[in-house]
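Listing of data_3.txt; format and content: compact mmCIF, C-alpha atoms.
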# COMPACT_ATOMS: atom_id res chain seq x y z
CA MET A 796 -3.90 -36.53 17.39
CA PHE A 797 -6.21 -34.48 15.15
CA TYR A 798 -3.80 -34.87 12.23
CA HIS A 799 -4.06 -38.65 12.33
CA LEU A 800 -7.80 -38.62 12.96
CA PHE A 801 -8.65 -36.28 10.11
CA GLU A 802 -6.18 -37.97 7.77
CA TYR A 803 -8.08 -41.22 8.37
CA LEU A 804 -11.45 -39.51 7.83
CA ASP A 805 -10.19 -37.90 4.64
CA LYS A 806 -8.92 -41.16 3.20
CA ALA A 807 -11.78 -43.36 4.37
CA TYR A 808 -14.77 -41.07 3.84
CA ASN A 809 -13.42 -38.15 1.79
CA ILE A 810 -15.10 -35.64 4.12
CA PRO A 811 -14.72 -32.06 2.81
CA GLY A 812 -12.43 -29.86 4.88
CA THR A 813 -10.54 -32.63 6.65
CA GLY A 814 -7.53 -32.16 4.40
CA VAL A 815 -6.77 -28.80 6.00
CA PHE A 816 -5.05 -30.61 8.88
CA ARG A 817 -2.28 -31.64 6.49
CA TYR A 818 -1.02 -28.07 6.40
CA ILE A 819 1.59 -27.15 8.98
CA SER A 820 0.54 -23.50 8.83
CA PHE A 821 -3.04 -24.32 9.84
CA ARG A 822 -2.02 -26.60 12.68
CA ALA A 823 0.59 -24.11 13.93
CA ALA A 824 -2.03 -21.34 14.02
CA ALA A 825 -4.41 -23.61 15.89
CA ALA A 826 -1.64 -24.62 18.31
CA ILE A 827 -0.76 -21.06 19.27
CA ILE A 828 -4.43 -20.17 19.82
CA ILE A 829 -5.05 -23.22 22.03
CA ALA A 830 -1.81 -22.56 23.95
CA LEU A 831 -2.90 -19.00 24.65
CA LEU A 832 -6.32 -20.16 25.80
CA VAL A 833 -4.89 -22.89 28.03
CA GLY A 834 -2.36 -20.47 29.54
CA THR A 835 -4.85 -17.71 30.27
CA ILE A 836 -7.95 -19.72 31.20
CA PHE A 837 -6.43 -22.59 33.15
CA GLY A 838 -3.58 -20.42 34.41
CA ARG A 839 -5.88 -18.66 36.86
CA ARG A 840 -7.16 -21.96 38.24
CA ILE A 841 -3.64 -23.31 38.65
CA ILE A 842 -2.54 -20.14 40.45
CA ASP A 843 -5.51 -20.39 42.81
CA PHE A 844 -4.66 -24.05 43.47
CA LEU A 845 -1.01 -23.22 44.20
CA ARG A 846 -2.09 -20.44 46.54
CA ARG A 847 -4.47 -22.73 48.43
CA GLN A 848 -1.68 -25.25 48.82
CA GLN A 849 0.59 -22.44 50.02
CA ILE A 850 3.11 -23.27 47.34
CA ASP A 851 4.99 -19.99 47.48
CA GLU A 852 8.65 -19.16 47.31
CA ASP A 853 10.57 -18.52 50.53
CA ILE A 854 12.16 -15.26 49.43
CA ARG A 855 15.50 -14.33 50.93
CA ASP A 856 16.06 -10.65 51.66
CA LEU A 857 18.88 -9.63 49.33
CA GLY A 858 18.34 -5.93 49.76
CA LEU A 859 16.68 -5.47 46.38
CA ALA A 860 13.98 -2.87 45.82
CA GLY A 861 10.47 -4.32 45.97
CA GLN A 862 11.76 -7.80 46.74
CA MET A 863 9.97 -8.48 50.01
CA GLN A 864 6.65 -7.29 48.58
CA LYS A 865 6.71 -10.44 46.45
CA LYS A 866 6.65 -12.70 49.47
CA GLY A 867 3.65 -15.03 49.27
CA THR A 868 3.55 -15.10 45.45
CA PRO A 869 2.93 -18.70 44.31
CA THR A 870 5.74 -20.51 42.53
CA MET A 871 5.77 -23.64 40.30
CA GLY A 872 3.83 -21.62 37.72
CA GLY A 873 5.91 -23.39 35.08
CA ILE A 874 3.17 -26.02 35.20
CA ILE A 875 1.05 -23.54 33.22
CA ILE A 876 3.73 -23.31 30.52
CA LEU A 877 4.18 -27.09 30.31
CA LEU A 878 0.44 -27.69 30.08
CA ALA A 879 0.05 -25.01 27.41
CA ILE A 880 2.83 -26.66 25.38
CA LEU A 881 1.78 -30.28 25.73
CA VAL A 882 -1.96 -29.95 25.08
CA PRO A 883 -1.73 -28.18 21.67
CA THR A 884 1.22 -30.31 20.56
CA LEU A 885 -0.62 -33.52 21.38
CA LEU A 886 -3.73 -32.24 19.61
CA PHE A 887 -2.20 -30.78 16.45
CA GLY A 888 1.25 -32.32 16.09
CA ARG A 889 2.15 -35.41 14.12
CA LEU A 890 2.84 -37.85 16.90
CA ASP A 891 4.68 -40.22 14.57
CA ASN A 892 7.29 -37.52 13.84
CA ILE A 893 10.61 -38.23 15.55
CA TYR A 894 11.29 -34.54 16.22
CA ILE A 895 7.92 -34.04 17.91
CA GLN A 896 8.58 -37.14 20.00
CA LEU A 897 11.96 -35.75 21.08
CA MET A 898 10.43 -32.43 22.06
CA LEU A 899 7.65 -34.07 24.06
CA VAL A 900 10.14 -36.24 25.94
CA SER A 901 12.36 -33.22 26.63
CA THR A 902 9.44 -31.16 27.92
CA VAL A 903 8.25 -33.85 30.32
CA TRP A 904 11.79 -34.78 31.39
CA LEU A 905 12.89 -31.27 32.32
CA GLY A 906 9.49 -30.40 33.73
CA PHE A 907 9.83 -33.32 36.14
CA ILE A 908 13.34 -32.28 37.25
CA GLY A 909 12.34 -28.64 37.72
CA GLY A 910 9.10 -29.60 39.43
CA LEU A 911 10.93 -31.88 41.84
CA ASP A 912 13.33 -29.04 42.67
CA ASP A 913 10.44 -26.63 43.36
CA TYR A 914 8.56 -29.22 45.39
CA ILE A 915 11.53 -29.82 47.68
CA LYS A 916 11.92 -26.07 48.17
CA VAL A 917 8.31 -25.41 49.15
CA SER A 918 7.41 -28.64 50.96
CA ARG A 919 10.55 -28.97 53.04
CA HIS A 920 11.33 -25.25 53.23
CA ASN A 921 14.71 -26.06 51.72
CA LYS A 922 16.00 -23.00 49.85
CA GLU A 923 18.53 -25.10 47.94
CA GLY A 924 15.93 -27.48 46.53
CA LEU A 925 17.16 -30.46 44.53
CA LYS A 926 20.90 -30.90 44.91
CA GLY A 927 22.86 -29.45 42.00
CA LYS A 928 24.46 -32.77 41.12
CA PHE A 929 21.05 -34.36 40.56
CA LYS A 930 20.02 -31.49 38.28
CA ILE A 931 23.21 -31.98 36.29
CA VAL A 932 22.56 -35.72 36.06
CA GLY A 933 19.11 -35.00 34.68
CA GLN A 934 20.43 -32.51 32.14
CA VAL A 935 23.25 -34.83 31.09
CA GLY A 936 20.76 -37.68 30.77
CA LEU A 937 18.59 -35.66 28.43
CA GLY A 938 21.64 -34.66 26.38
CA ILE A 939 22.56 -38.33 26.01
CA ILE A 940 19.00 -39.23 24.96
CA VAL A 941 18.89 -36.48 22.34
CA GLY A 942 22.40 -37.07 21.00
CA THR A 943 21.93 -40.84 20.80
CA THR A 944 18.57 -40.48 19.09
CA MET A 945 20.05 -38.10 16.52
CA TRP A 946 22.74 -40.71 15.88
CA LEU A 947 20.76 -43.93 15.74
CA SER A 948 17.32 -42.94 14.44
CA GLN A 949 16.94 -43.60 10.73
CA ASP A 950 14.19 -40.98 10.60
CA ILE A 951 16.69 -38.19 11.31
CA THR A 952 18.50 -37.35 8.12
CA VAL A 953 19.79 -34.40 6.14
CA ARG A 954 19.74 -33.77 2.43
CA GLU A 955 23.10 -32.26 1.64
CA ARG A 956 23.92 -29.87 -1.15
CA THR A 957 25.98 -31.01 -4.11
CA VAL A 958 27.92 -29.18 -6.80
CA THR A 959 26.64 -29.84 -10.32
CA LYS A 960 27.85 -28.65 -13.71
CA VAL A 961 25.23 -26.79 -15.68
CA GLU A 962 25.88 -26.15 -19.40
CA THR A 963 25.01 -22.56 -20.28
CA ILE A 964 25.24 -21.13 -23.81
CA TYR A 965 26.52 -17.58 -24.28
CA VAL A 966 26.61 -15.59 -27.52
CA ASP A 967 29.45 -13.11 -28.24
CA ALA A 968 29.18 -9.75 -30.05
CA GLU A 969 29.63 -11.44 -33.44
CA GLY A 970 26.85 -13.91 -32.88
CA ASN A 971 29.10 -16.88 -32.20
CA GLN A 972 27.88 -19.33 -29.59
CA ILE A 973 30.23 -20.02 -26.71
CA ASP A 974 29.59 -22.96 -24.35
CA HIS A 975 30.58 -22.58 -20.74
CA GLY A 976 30.37 -25.10 -17.91
CA VAL A 977 29.02 -23.30 -14.86
CA GLN A 978 29.05 -24.85 -11.39
CA ARG A 979 25.93 -24.51 -9.27
CA ILE A 980 25.21 -25.73 -5.75
CA VAL A 981 21.90 -27.60 -5.54
CA LEU A 982 20.19 -29.90 -3.06
CA GLY A 983 20.93 -33.56 -3.57
CA SER A 984 18.24 -36.19 -3.98
CA LYS A 985 19.39 -38.58 -1.24
CA ASP A 986 18.81 -38.23 2.49
CA GLN A 987 21.71 -39.32 4.69
CA LYS A 988 23.00 -39.40 8.24
CA THR A 989 25.53 -36.72 9.01
CA THR A 990 27.17 -34.89 11.89
CA LYS A 991 27.01 -31.57 10.06
CA THR A 992 25.54 -28.51 11.69
CA THR A 993 24.95 -24.88 10.76
CA ILE A 994 27.51 -22.21 11.55
CA PRO A 995 26.67 -18.51 11.13
CA PHE A 996 28.53 -15.84 9.14
CA PHE A 997 30.51 -18.30 6.98
CA LYS A 998 29.92 -18.85 3.27
CA GLY A 999 29.75 -22.64 3.46
CA ASN A 1000 27.40 -22.23 6.43
CA GLU A 1001 28.06 -25.78 7.62
CA PHE A 1002 30.47 -27.41 10.04
CA ASP A 1003 31.05 -31.14 10.35
CA TYR A 1004 32.02 -32.53 13.75
CA ALA A 1005 33.73 -35.36 11.86
CA TRP A 1006 36.42 -32.84 10.90
CA LEU A 1007 37.53 -32.77 14.54
CA THR A 1008 37.82 -36.57 14.68
CA GLY A 1009 39.75 -37.06 11.47
CA GLY A 1010 36.72 -38.40 9.61
CA ASN A 1011 35.98 -41.17 12.10
CA GLU A 1012 32.17 -41.43 12.02
CA THR A 1013 31.69 -43.17 15.37
CA ALA A 1014 34.00 -40.74 17.16
CA ALA A 1015 32.19 -37.84 15.47
CA TRP A 1016 28.83 -39.00 16.83
CA LEU A 1017 30.28 -39.52 20.30
CA LEU A 1018 31.60 -35.96 20.11
CA TYR A 1019 28.14 -34.83 18.99
CA ILE A 1020 26.59 -36.43 22.09
CA LEU A 1021 29.05 -34.49 24.28
CA VAL A 1022 28.07 -31.30 22.45
CA ALA A 1023 24.38 -32.11 23.02
CA ILE A 1024 25.05 -32.59 26.75
CA PHE A 1025 26.89 -29.26 26.95
CA VAL A 1026 24.24 -27.35 24.98
CA VAL A 1027 21.32 -28.71 27.04
CA THR A 1028 23.10 -28.03 30.33
CA ALA A 1029 24.33 -24.55 29.41
CA VAL A 1030 21.09 -23.21 27.94
CA SER A 1031 18.82 -24.66 30.63
CA ASN A 1032 21.03 -23.20 33.37
CA GLY A 1033 21.16 -19.88 31.50
CA ALA A 1034 17.37 -19.68 31.40
CA ASN A 1035 17.26 -20.66 35.06
CA LEU A 1036 19.59 -17.80 36.02
CA THR A 1037 17.60 -15.34 33.89
CA ASP A 1038 14.43 -16.11 35.84
CA GLY A 1039 14.91 -13.48 38.54
CA LEU A 1040 12.53 -10.64 37.72
CA ASP A 1041 8.84 -10.50 36.83
CA GLY A 1042 8.40 -11.47 33.18
CA LEU A 1043 12.14 -11.49 32.43
CA ALA A 1044 12.77 -15.10 31.39
CA THR A 1045 9.35 -15.35 29.74
CA GLY A 1046 9.75 -12.24 27.60
CA VAL A 1047 13.36 -12.97 26.68
CA SER A 1048 12.51 -16.52 25.60
CA ALA A 1049 9.56 -15.63 23.34
CA PRO A 1050 11.63 -14.08 20.47
CA ILE A 1051 14.07 -16.99 20.68
CA VAL A 1052 11.27 -19.51 20.22
CA VAL A 1053 9.75 -17.57 17.31
CA VAL A 1054 13.11 -17.47 15.49
CA LEU A 1055 13.65 -21.18 16.06
CA GLY A 1056 10.20 -21.81 14.61
CA VAL A 1057 11.06 -19.76 11.51
CA LEU A 1058 14.36 -21.62 11.10
CA ALA A 1059 12.56 -24.96 11.47
CA TYR A 1060 10.07 -23.98 8.77
CA LEU A 1061 12.80 -22.88 6.36
CA SER A 1062 14.99 -25.92 7.06
CA GLY A 1063 12.04 -28.27 6.59
CA HIS A 1064 10.87 -26.71 3.32
CA VAL A 1065 12.81 -27.98 0.32
CA VAL A 1066 12.16 -24.90 -1.83
CA TYR A 1067 13.17 -22.33 0.81
CA ALA A 1068 16.16 -24.40 1.90
CA ASP A 1069 17.37 -24.53 -1.71
CA TYR A 1070 16.74 -20.82 -2.26
CA LEU A 1071 18.52 -19.76 0.94
CA ASN A 1072 21.30 -22.28 0.38
CA ILE A 1073 20.82 -23.82 3.82
CA MET A 1074 20.65 -27.38 5.10
CA TYR A 1075 17.42 -29.20 4.21
CA ILE A 1076 16.20 -31.39 7.08
CA PRO A 1077 13.28 -33.61 6.02
CA ASP A 1078 10.29 -33.67 8.41
CA SER A 1079 11.73 -30.93 10.63
CA GLY A 1080 9.03 -28.52 9.48
CA GLU A 1081 6.67 -30.29 11.88
CA LEU A 1082 8.55 -28.57 14.69
CA VAL A 1083 6.79 -25.34 13.68
CA VAL A 1084 3.67 -26.71 15.40
CA PHE A 1085 5.63 -27.25 18.61
CA ALA A 1086 7.28 -23.82 18.35
CA ALA A 1087 3.85 -22.19 17.90
CA ALA A 1088 2.54 -23.96 21.00
CA PHE A 1089 5.68 -22.97 22.92
CA ALA A 1090 5.39 -19.31 21.92
CA GLY A 1091 1.70 -19.27 22.79
CA ALA A 1092 2.44 -20.85 26.16
CA LEU A 1093 5.03 -18.18 27.00
CA ILE A 1094 2.79 -15.31 25.97
CA GLY A 1095 -0.14 -16.82 27.87
CA PHE A 1096 2.00 -17.21 30.98
CA LEU A 1097 3.20 -13.62 30.64
CA TRP A 1098 -0.42 -12.59 31.25
CA TYR A 1099 0.11 -13.56 34.90
CA ASN A 1100 3.90 -13.27 35.14
CA ALA A 1101 4.26 -9.66 33.96
CA PHE A 1102 5.05 -7.03 36.59
CA PRO A 1103 3.71 -7.26 39.24
CA ALA A 1104 3.78 -11.06 38.93
CA GLN A 1105 0.86 -13.08 40.21
CA VAL A 1106 2.90 -16.28 39.90
CA PHE A 1107 6.54 -17.30 39.48
CA MET A 1108 7.50 -20.01 37.00
CA GLY A 1109 10.06 -21.56 39.34
CA ASP A 1110 12.54 -24.16 38.13
CA THR A 1111 9.58 -26.08 36.73
CA GLY A 1112 9.42 -23.44 34.03
CA SER A 1113 12.92 -22.00 33.74
CA LEU A 1114 14.81 -25.30 33.46
CA SER A 1115 12.23 -26.54 30.96
CA ILE A 1116 12.34 -23.41 28.82
CA GLY A 1117 16.11 -23.48 28.45
CA GLY A 1118 16.30 -27.21 27.87
CA ILE A 1119 13.51 -27.17 25.28
CA ILE A 1120 15.24 -24.35 23.38
CA ALA A 1121 18.49 -26.32 23.42
CA VAL A 1122 16.92 -29.55 22.17
CA PHE A 1123 14.95 -27.67 19.50
CA ALA A 1124 18.17 -26.06 18.21
CA LEU A 1125 19.89 -29.46 18.14
CA CYS A 1126 17.02 -30.96 16.15
CA ILE A 1127 17.29 -28.33 13.41
CA ARG A 1128 21.10 -28.30 13.67
CA LYS A 1129 21.38 -24.68 14.75
CA GLU A 1130 23.08 -25.21 18.12
CA LEU A 1131 26.13 -23.17 17.10
CA MET A 1132 23.84 -20.18 16.57
CA LEU A 1133 22.61 -20.28 20.17
CA PRO A 1134 25.38 -18.03 21.61
CA LEU A 1135 23.99 -15.29 19.37
CA LEU A 1136 20.29 -16.11 19.60
CA CYS A 1137 20.41 -16.77 23.36
CA GLY A 1138 22.84 -13.95 24.03
CA VAL A 1139 20.91 -12.81 27.12
CA PHE A 1140 21.18 -16.29 28.65
CA LEU A 1141 24.89 -16.30 27.79
CA VAL A 1142 25.51 -12.96 29.49
CA GLU A 1143 23.60 -14.08 32.59
CA ASN A 1144 25.72 -17.25 32.76
CA LEU A 1145 28.96 -15.35 32.23
CA SER A 1146 28.10 -12.75 34.87
CA VAL A 1147 27.76 -15.46 37.51
CA MET A 1148 30.93 -17.25 36.41
CA LEU A 1149 32.97 -14.03 36.33
CA GLN A 1150 31.62 -12.92 39.70
CA LEU A 1151 32.53 -16.21 41.39
CA SER A 1152 35.96 -16.36 39.72
CA TYR A 1153 36.78 -12.75 40.65
CA ARG A 1154 35.70 -13.24 44.26
CA ARG A 1155 37.86 -16.34 44.62
CA TYR A 1156 40.82 -14.66 42.95
CA THR A 1157 40.68 -11.54 45.14
CA ARG A 1158 40.17 -13.60 48.29
CA LYS A 1159 43.27 -15.62 47.49
CA TYR A 1160 45.62 -12.95 46.16
CA CYS A 1161 44.30 -9.67 47.61
CA GLY A 1162 43.47 -10.84 51.11
CA GLU A 1163 39.88 -9.66 50.82
CA GLU A 1164 36.91 -10.68 48.75
CA ARG A 1165 35.89 -8.20 46.05
CA ARG A 1166 33.04 -8.16 43.58
CA LEU A 1167 33.14 -7.51 39.86
CA PHE A 1168 29.42 -6.69 39.82
CA LEU A 1169 27.28 -5.29 42.61
CA MET A 1170 25.37 -8.57 42.42
CA SER A 1171 24.96 -11.47 40.01
CA PRO A 1172 23.21 -12.57 37.82
CA ILE A 1173 23.65 -9.27 36.04
CA HIS A 1174 19.99 -8.21 36.13
CA HIS A 1175 20.36 -7.89 39.90
CA HIS A 1176 23.42 -5.68 39.33
CA TYR A 1177 21.14 -3.14 37.68
CA GLN A 1178 18.64 -3.47 40.49
CA LYS A 1179 21.40 -2.60 42.95
CA LYS A 1180 22.02 0.53 40.86
CA ASN A 1181 18.42 1.53 41.66
CA MET A 1182 17.09 0.90 38.16
CA HIS A 1183 13.38 0.04 38.26
CA GLU A 1184 12.64 -3.65 37.78
CA ASN A 1185 10.24 -3.07 34.91
CA LYS A 1186 12.80 -0.99 33.00
CA ILE A 1187 15.42 -3.72 33.35
CA VAL A 1188 12.98 -6.35 32.09
CA VAL A 1189 11.87 -4.35 29.05
CA ARG A 1190 15.45 -3.53 28.09
CA PHE A 1191 16.39 -7.19 28.29
CA TRP A 1192 13.39 -7.96 26.08
CA ILE A 1193 14.64 -5.43 23.54
CA ALA A 1194 18.10 -6.98 23.63
CA SER A 1195 16.58 -10.41 22.97
CA LEU A 1196 14.56 -9.02 20.04
CA LEU A 1197 17.69 -7.48 18.51
CA LEU A 1198 19.62 -10.73 18.86
CA ALA A 1199 16.71 -12.65 17.33
CA ALA A 1200 16.65 -10.28 14.33
CA LEU A 1201 20.42 -10.58 13.92
CA THR A 1202 20.15 -14.37 13.98
CA LEU A 1203 17.66 -14.28 11.11
CA VAL A 1204 19.93 -11.92 9.19
CA THR A 1205 22.70 -14.53 9.32
CA LEU A 1206 20.73 -16.51 6.74
CA LYS A 1207 21.95 -13.99 4.15
CA ILE A 1208 25.09 -12.50 5.71
CA ARG A 1209 27.92 -14.93 5.14
Show the structure stored in the file as structure tokens.
Amino acid sequence: MFYHLFEYLDKAYNIPGTGVFRYISFRAAAAIIIALLVGTIFGRRIIDFLRRQQIDEDIRDLGLAGQMQKKGTPTMGGIIILLAILVPTLLFGRLDNIYIQLMLVSTVWLGFIGGLDDYIKVSRHNKEGLKGKFKIVGQVGLGIIVGTTMWLSQDITVRERTVTKVETIYVDAEGNQIDHGVQRIVLGSKDQKTTKTTIPFFKGNEFDYAWLTGGNETAAWLLYILVAIFVVTAVSNGANLTDGLDGLATGVSAPIVVVLGVLAYLSGHVVYADYLNIMYIPDSGELVVFAAAFAGALIGFLWYNAFPAQVFMGDTGSLSIGGIIAVFALCIRKELMLPLLCGVFLVENLSVMLQLSYRRYTRKYCGEERRLFLMSPIHHHYQKKNMHENKIVVRFWIASLLLAALTLVTLKIR
């Protein structure tokens, strides 16, 4: 909003200082500050409102240390995160940017699904909340929207690298000039639609989904939509499972968002993209403003969500966080890096899948049901081993920081 307003004022009246809103760095800094202020200032009022409405989670006694002391803590605190994301993005983002539009739609879409799930839980005292099939439908629907938009929108393009021959003159020991043709990889000058994405640890650093379809472009985009559906569903559910301890999902997600913001800035900057030999995605740099607002929202929410939590984010927050991360990665074509970057979410998902599979297997073939972990998701396994909740949370934060650093290192390790 401010970008368009001050751009008009700059062009129409040439007012000094209005041009500063053209800079992504300035607007990103403003976005993170406003997100922090919204999260901390309005967060208290939202918590008080939720408490007055008796919107608290009906906690089941699972035999975990300190669990029942949390009874009465308000849930649906994800509203604070959503508000702290949307307000700065609407104020400082370029609303005509297709990537910003996708992120805004994703935030509202998943916030609605998660909010509906929380509302059913607290209003009808239904511990299951929204039926799983309806959650899946919502996640699949968002994946279709994102994948189809990436396919059909003419504003979403990539500038691919090309191999050029550069003539370089060398002189031998006797002073004779020797001409050599040297190949160099440079960014092309034409933006184009492509199903290419980034793959870590490989020299070419790019993978084209069209390779799996024999070069058929339509089939490649249909495959891309299926990938988008899978990524959105997997990451949003992973974040949802991680939300089980005070500050866990919030603190784990913050480094992920920061790294995605860095990758968006590098991918959207033609000079850095050329220098790092990575895919240049025009206009994707605007996502840095959204990432800054997202990071500020998480840190602001952590003010109230850190141990001992004064509010739980609920599915309103956890489903949204995971889905937003997934869509962001798809926009900057880094979805194949998510297993590394979101390694904590992946482990949480796998722990639940392995636990269920092992229980079914032992029930069928051993005559009795056995457990692979003391409890799943895996953070509860450590609680069952009498590890203090705060220690588990901090160690998971450290793991997320290490994975975030390793993801950035992949820009040079190939």
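Taking atom CA of A:Tyr1177 as the reference point, atom CA of A:Arg1165 is found at 17.7 Å.
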Item checked: Selection near A:Lys926, 10 Å with all atoms listed in the file, sequence-local residues under 5 positions removed, as a PyMOL selection string -> chain A and resi 912+915+931
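Counting all atoms listed in the file and comparing A:Phe1089, A:Phe816, A:Trp946, A:Phe1168, the residue that lies closest to A:Ala1023 is A:Trp946.
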Checklist line | Contacts of stretch 1041-1045 of chain A at 6 Å (only C-alpha atoms; same-chain gap of 4+ positions) as a PyMOL selection string | finding: chain A and resi 1037+1093+1100-1102+1104+1188
Output file for the residues above (C-alpha atoms, as a PDB file, keeping the file's coordinate frame):
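File produced: result_25.pdb:
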ATOM      1  CA  THR A1037      17.600 -15.340  33.890  1.00  0.00           C
ATOM      2  CA  LEU A1093       5.030 -18.180  27.000  1.00  0.00           C
ATOM      3  CA  ASN A1100       3.900 -13.270  35.140  1.00  0.00           C
ATOM      4  CA  ALA A1101       4.260  -9.660  33.960  1.00  0.00           C
ATOM      5  CA  PHE A1102       5.050  -7.030  36.590  1.00  0.00           C
ATOM      6  CA  ALA A1104       3.780 -11.060  38.930  1.00  0.00           C
ATOM      7  CA  VAL A1188      12.980  -6.350  32.090  1.00  0.00           C
TER       8      VAL A1188
END
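Once A:Leu845 and its same-chain neighbours fewer than 3 positions away are set aside, A:Gly838, A:Arg839, A:Arg840, A:Ile841, A:Ile842, A:Gln848, A:Gln849, A:Ile850, A:Asp851, A:Glu852, A:Gly867, A:Thr868, A:Pro869, A:Thr870, A:Met871, A:Gly872, A:Gly873, A:Ile874, A:Ile875, A:Asp913, A:Tyr914, A:Val917, A:Gln1105, A:Val1106, A:Phe1107, A:Met1108 remain within 12 Å of it when counting only C-alpha atoms.
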Which residues are near A:Glu1163? Cut-off 12 Å, only C-alpha atoms, ignore same chain within fewer than 6 positions. Put them as a PDB file with C-alpha atoms, keeping the file's coordinate frame.
ATOM      1  CA  TYR A1153      36.780 -12.750  40.650  1.00  0.00           C
ATOM      2  CA  ARG A1154      35.700 -13.240  44.260  1.00  0.00           C
ATOM      3  CA  ARG A1155      37.860 -16.340  44.620  1.00  0.00           C
ATOM      4  CA  TYR A1156      40.820 -14.660  42.950  1.00  0.00           C
ATOM      5  CA  THR A1157      40.680 -11.540  45.140  1.00  0.00           C
TER       6      THR A1157
END
Checklist line | Non-local contacts of stretch 880-890 of chain A (10 Å; all atoms listed in the file; under 4 positions in same chain excluded) as number ranges by chain | finding: A: 796-799, 816-817, 819, 821-831, 833-834, 874-876, 894-896, 898-899, 902-903, 1081-1093
Once you have the residues from the selection above, write them out as a short mmCIF file (atom, residue, chain, number, x, y, z; two decimals), keeping the file's coordinate frame, restricted to C-alpha atoms.
data_model
loop_
_atom_site.label_atom_id
_atom_site.label_comp_id
_atom_site.auth_asym_id
_atom_site.auth_seq_id
_atom_site.Cartn_x
_atom_site.Cartn_y
_atom_site.Cartn_z
CA MET A 796 -3.90 -36.53 17.39
CA PHE A 797 -6.21 -34.48 15.15
CA TYR A 798 -3.80 -34.87 12.23
CA HIS A 799 -4.06 -38.65 12.33
CA PHE A 816 -5.05 -30.61 8.88
CA ARG A 817 -2.28 -31.64 6.49
CA ILE A 819 1.59 -27.15 8.98
CA PHE A 821 -3.04 -24.32 9.84
CA ARG A 822 -2.02 -26.60 12.68
CA ALA A 823 0.59 -24.11 13.93
CA ALA A 824 -2.03 -21.34 14.02
CA ALA A 825 -4.41 -23.61 15.89
CA ALA A 826 -1.64 -24.62 18.31
CA ILE A 827 -0.76 -21.06 19.27
CA ILE A 828 -4.43 -20.17 19.82
CA ILE A 829 -5.05 -23.22 22.03
CA ALA A 830 -1.81 -22.56 23.95
CA LEU A 831 -2.90 -19.00 24.65
CA VAL A 833 -4.89 -22.89 28.03
CA GLY A 834 -2.36 -20.47 29.54
CA ILE A 874 3.17 -26.02 35.20
CA ILE A 875 1.05 -23.54 33.22
CA ILE A 876 3.73 -23.31 30.52
CA TYR A 894 11.29 -34.54 16.22
CA ILE A 895 7.92 -34.04 17.91
CA GLN A 896 8.58 -37.14 20.00
CA MET A 898 10.43 -32.43 22.06
CA LEU A 899 7.65 -34.07 24.06
CA THR A 902 9.44 -31.16 27.92
CA VAL A 903 8.25 -33.85 30.32
CA GLU A 1081 6.67 -30.29 11.88
CA LEU A 1082 8.55 -28.57 14.69
CA VAL A 1083 6.79 -25.34 13.68
CA VAL A 1084 3.67 -26.71 15.40
CA PHE A 1085 5.63 -27.25 18.61
CA ALA A 1086 7.28 -23.82 18.35
CA ALA A 1087 3.85 -22.19 17.90
CA ALA A 1088 2.54 -23.96 21.00
CA PHE A 1089 5.68 -22.97 22.92
CA ALA A 1090 5.39 -19.31 21.92
CA GLY A 1091 1.70 -19.27 22.79
CA ALA A 1092 2.44 -20.85 26.16
CA LEU A 1093 5.03 -18.18 27.00
#
Margin query: Restricting the calculation to all atoms listed in the file: of A:Leu1201, A:Ile1094, A:Leu1131, A:Ile836, which residue gets closest to A:Ser1048?
Written below: A:Ile1094
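Coordinates place atom CA of A:Val1142 at a distance of 12.5 Å from atom CA of A:Val1047.
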Note to self: Taking all atoms listed in the file into account, name the residue in A:Phe996, A:Phe1002, A:Phe1025, A:Tyr1160 that is nearest to A:Gly938.
What the structure shows: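 Answer, going by the shortest atom-to-atom distance: A:Phe1025.
Picture a line from atom CA of A:Lys991 to atom CA of A:Ser1115; it runs 26.1 Å.
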